[in-house]
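Read through the structure below, which is laid out as structure tokens, and then see the notes.
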Amino acid sequence: MTLDSHTRTRIEALLAENVVVLFMKGDRRAPRCGFSASAIGTLESLGVDYATVDVLGDEAIRQGIKEFGNWPTVPQLYVRGELLGGSDIVAQMFDQGELHALLGVPAPDRTPPDITISDAAAAAIRPALENADEGVLRLAIDGAFSPDFQIAAARAGDLVATSNGLSVHFDLASGARARGLVIDWAHNLAGGGLVLRNPNAPPSVRSISPADAAAELKSGALMLVDVRPAAERAQAAIDGAFETFDAEGLERLQAMPKDTALAFLCHHGTRSLEAAEHFRGLGFARVASVTGGIDAWSRDVDPAIPRY
């Protein structure tokens with residue numbers, strides 16, 4: 001496939017307008033593949049300004065960016081108009097400090113995190129390591145502070161933390177998120193499992209009823225964010241002030257102080273929970289999802305709102 005001049009001009013314009021551009025599946029608030037989510041997590045860890053381009057919403061860009069940089073997959077990260085590569089290369093550059101230097105960010109702290117592994121957790125982990133043919137215990141913690149344990153090969157640049165006679169390998173970003181981490185074991189109906197207590201993780205998303213959200217909105221105790229697109233809001237919307245993800249709304253929200261109280265609203269409560277989890281991953285400490293969405297708001301708070 002040959003890249004047409006119109007698509008080339010569009011891509012060049014995007015690169016000229018932004019120092020850092022990530023061509024990805026989805027966007028920064030809702031990545032739609034694991035590789036894109038990984039790249040977003042890396043950029044968020046750096047704390048730099050960046051633009052994203054959702055290739056799933058533009059077939060010409062989706063195919064054209066592969067031809068433009070002679071790179072067959074997405075995501076692709078560009079800095080000052082130059083292609084760096086996909087998520088694996090970006091993560092490697094981050095771990096080695098190359099990305100920090102390129103973007104003028106202070107060199108990363110390579111001090112291994114202080115972690116605590118309880119006796120019960122150590123007793124559960126040791127047999128798994130002994131039965132593995134090779135590899136080390138790795139723990140990845142993504143931007144939403146979700147953990148992923150693996151037994152895999154050690155990598156150059158790993159941060160290695162030791163507790164209770166066990167070593168845990170972290171990549172650079174995960175190591176920063178793991179400082180003060182406690183790994184324990186808890187019994188449950190399935191028999192038991194590892195439990196992580198991470199002091200760096202934002203508080204969990206709380207559920208808030210429409211009635212409580214309406215009261216807190218009226219008193220100014222929270223900001224309501226309607227995550228539905230304009231077409232849905234035209235069918236039904238609350239009678240009051242709210243923010244949206246339209247136009248500059250998302251950027252305005254992301255720039256707010258991290259202690260801003262945000263309550264997210266959608267149709268039935270699914271998309272609002274996803275949005276709240278995303279903002280929690282960005283470091284916002286007071287996020288909530290309105291249970292039942294605007295459908296429940298119509299039923300419990302304002303019957304004048306149409307149900308659809």
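Letters for chains follow the order of the structure tokens (A, B, ...), residue numbers begin at 1 for each chain, and ligand numbers begin at 1 in the order shown.
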> If you run DSSP on the backbone, which residues of segment 26-103 of chain A are alpha helix (DSSP H), as JSON, numbers by chain?
Replying inline: {"A": [34, 35, 36, 37, 38, 39, 40, 41, 42, 43, 44, 45, 46, 59, 60, 61, 62, 63, 64, 65, 66, 67, 68, 87, 88, 89, 90, 91, 92, 93, 94, 95, 98, 99, 100, 101, 102, 103]}
Set out as a Markdown table a contact list for segment 142-223 of chain A and segment 98-120 of chain A with a cut-off of 7 Å, giving each residue of segment 142-223 of chain A that qualifies its closest atom pair and distance in Å to one decimal, counting only C-alpha atoms, ordered by chain and rising residue number.
| residue | atom | partner | partner_atom | distance |
| --- | --- | --- | --- | --- |
| A:Leu159 | CA | A:Pro112 | CA | 5.1 |
| A:Val160 | CA | A:Pro112 | CA | 5.8 |
| A:Ala161 | CA | A:Pro112 | CA | 5.5 |
| A:Ser163 | CA | A:Ile117 | CA | 5.6 |
| A:Asn164 | CA | A:Ile117 | CA | 6.0 |
| A:Gly175 | CA | A:Pro113 | CA | 5.8 |
| A:Ala176 | CA | A:Pro113 | CA | 6.9 |
| A:Ala178 | CA | A:Pro113 | CA | 6.1 |
| A:Arg179 | CA | A:Pro113 | CA | 4.6 |
| A:Gly180 | CA | A:Ile115 | CA | 5.3 |
| A:Leu181 | CA | A:Ile115 | CA | 4.8 |
| A:Val182 | CA | A:Thr116 | CA | 4.7 |
| A:Ile183 | CA | A:Ile117 | CA | 4.8 |
| A:Asp184 | CA | A:Ser118 | CA | 5.2 |
| A:Trp185 | CA | A:Ala120 | CA | 5.6 |
> Which is closest to Tyr50 of chain A among A:Glu251, A:Arg177, A:Ser272, A:Gly86, if we use only C-alpha atoms?
Replying inline: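 For Tyr50 of chain A, the nearest of the given residues is A:Glu251.
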> Pick from A:Ser38, A:Thr270, A:Asn131, A:Asn200: nearest to Ala285 of chain A, with only C-alpha atoms counted?
Replying inline: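 The shortest atom-to-atom distance to Ala285 of chain A comes from A:Asn200.
Computed from the coordinates, the atom CA of Leu250 of chain A to atom CA of Arg29 of chain A distance equals 8.8 Å.
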> Which residues in segment 7-156 of chain A does DSSP call strand (DSSP E)? List them as a ChimeraX atom specification.
Replying inline: /A:20-24,26-27,30-31,51-54,76-79,82-85,116-117,136-141,147-152
Pull C-alpha atoms from the residues just selected and write them as an mmCIF file, in the first residue's frame.
data_model
loop_
_atom_site.group_PDB
_atom_site.id
_atom_site.type_symbol
_atom_site.label_atom_id
_atom_site.label_comp_id
_atom_site.auth_asym_id
_atom_site.auth_seq_id
_atom_site.Cartn_x
_atom_site.Cartn_y
_atom_site.Cartn_z
ATOM 1 C CA VAL A 20 5.254 13.785 21.679
ATOM 2 C CA VAL A 21 2.603 11.871 19.719
ATOM 3 C CA LEU A 22 1.360 8.356 20.386
ATOM 4 C CA PHE A 23 -0.566 6.640 17.583
ATOM 5 C CA MET A 24 -2.574 4.009 19.424
ATOM 6 C CA GLY A 26 -8.191 4.006 21.751
ATOM 7 C CA ASP A 27 -7.135 7.096 23.635
ATOM 8 C CA ALA A 30 -9.566 4.302 27.344
ATOM 9 C CA PRO A 31 -6.776 2.323 25.641
ATOM 10 C CA ALA A 51 -0.958 13.843 22.228
ATOM 11 C CA THR A 52 -2.705 10.625 21.242
ATOM 12 C CA VAL A 53 -4.234 9.630 17.912
ATOM 13 C CA ASP A 54 -6.841 6.863 17.881
ATOM 14 C CA GLN A 76 3.879 3.978 17.632
ATOM 15 C CA LEU A 77 5.554 6.747 19.609
ATOM 16 C CA TYR A 78 7.008 9.801 17.895
ATOM 17 C CA VAL A 79 9.157 12.432 19.593
ATOM 18 C CA GLU A 82 11.041 10.926 14.875
ATOM 19 C CA LEU A 83 9.669 7.404 15.348
ATOM 20 C CA LEU A 84 10.963 5.683 18.483
ATOM 21 C CA GLY A 85 9.038 2.424 18.095
ATOM 22 C CA THR A 116 7.584 -6.729 52.737
ATOM 23 C CA ILE A 117 6.659 -10.354 52.024
ATOM 24 C CA VAL A 136 12.696 -15.125 38.428
ATOM 25 C CA LEU A 137 9.650 -13.756 40.161
ATOM 26 C CA ARG A 138 8.572 -10.584 38.350
ATOM 27 C CA LEU A 139 5.893 -8.163 39.460
ATOM 28 C CA ALA A 140 4.525 -5.576 37.039
ATOM 29 C CA ILE A 141 2.299 -2.795 38.403
ATOM 30 C CA PRO A 147 -0.462 -6.150 39.728
ATOM 31 C CA ASP A 148 0.712 -8.947 37.442
ATOM 32 C CA PHE A 149 2.942 -11.689 38.880
ATOM 33 C CA GLN A 150 4.980 -13.827 36.491
ATOM 34 C CA ILE A 151 7.886 -16.223 36.600
ATOM 35 C CA ALA A 152 10.000 -15.017 33.691
#
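Checking A:Ile61, A:Ala211, A:Cys266, A:Ala37 one by one against Arg10 of chain A, counting only C-alpha atoms, you find the shortest gap at A:Ile61.
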> Closest to Ala123 of chain A among A:Ala91, A:Ile294, A:Ala234, A:Leu194, using only C-alpha atoms?
Replying inline: A:Leu194
> Leaving out Gly220 of chain A and any residue of its chain fewer than 6 positions from it, which residues lie within 12 Å of it when counting only C-alpha atoms, given as a list in words?
Replying inline: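 In the requested format, the answer is Ala213, Ala214, Gly240, Ala241, Phe242, Thr260, Ala261, Leu262 and Ala263 of chain A.
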> Given the choices A:Asn70, A:Ser289, A:Gln254, A:Thr162, which gets closest to Gly269 of chain A if the distance is worked out from only C-alpha atoms?
Replying inline: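 Looking only at the distances to Gly269 of chain A, the closest residue turns out to be A:Ser289.
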>> Would you pick out the contacts of Leu273 of chain A at 12 Å or less, using only C-alpha atoms, so that residues sharing its chain but fewer than 5 positions from it are not included, and give the list as a list in words?
In response: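 These residues fall inside the cut-off: Ala30, Ser204, Val205, Arg206, Ser207, Ile208, Val225, Asp226, Val227, Leu262, Ala263, Phe264, Leu265, Cys266, His267, His268, His278, Phe279, Arg280, Val287, Ala288, Ser289, Val290, Thr291, Gly292 and Gly293 of chain A.
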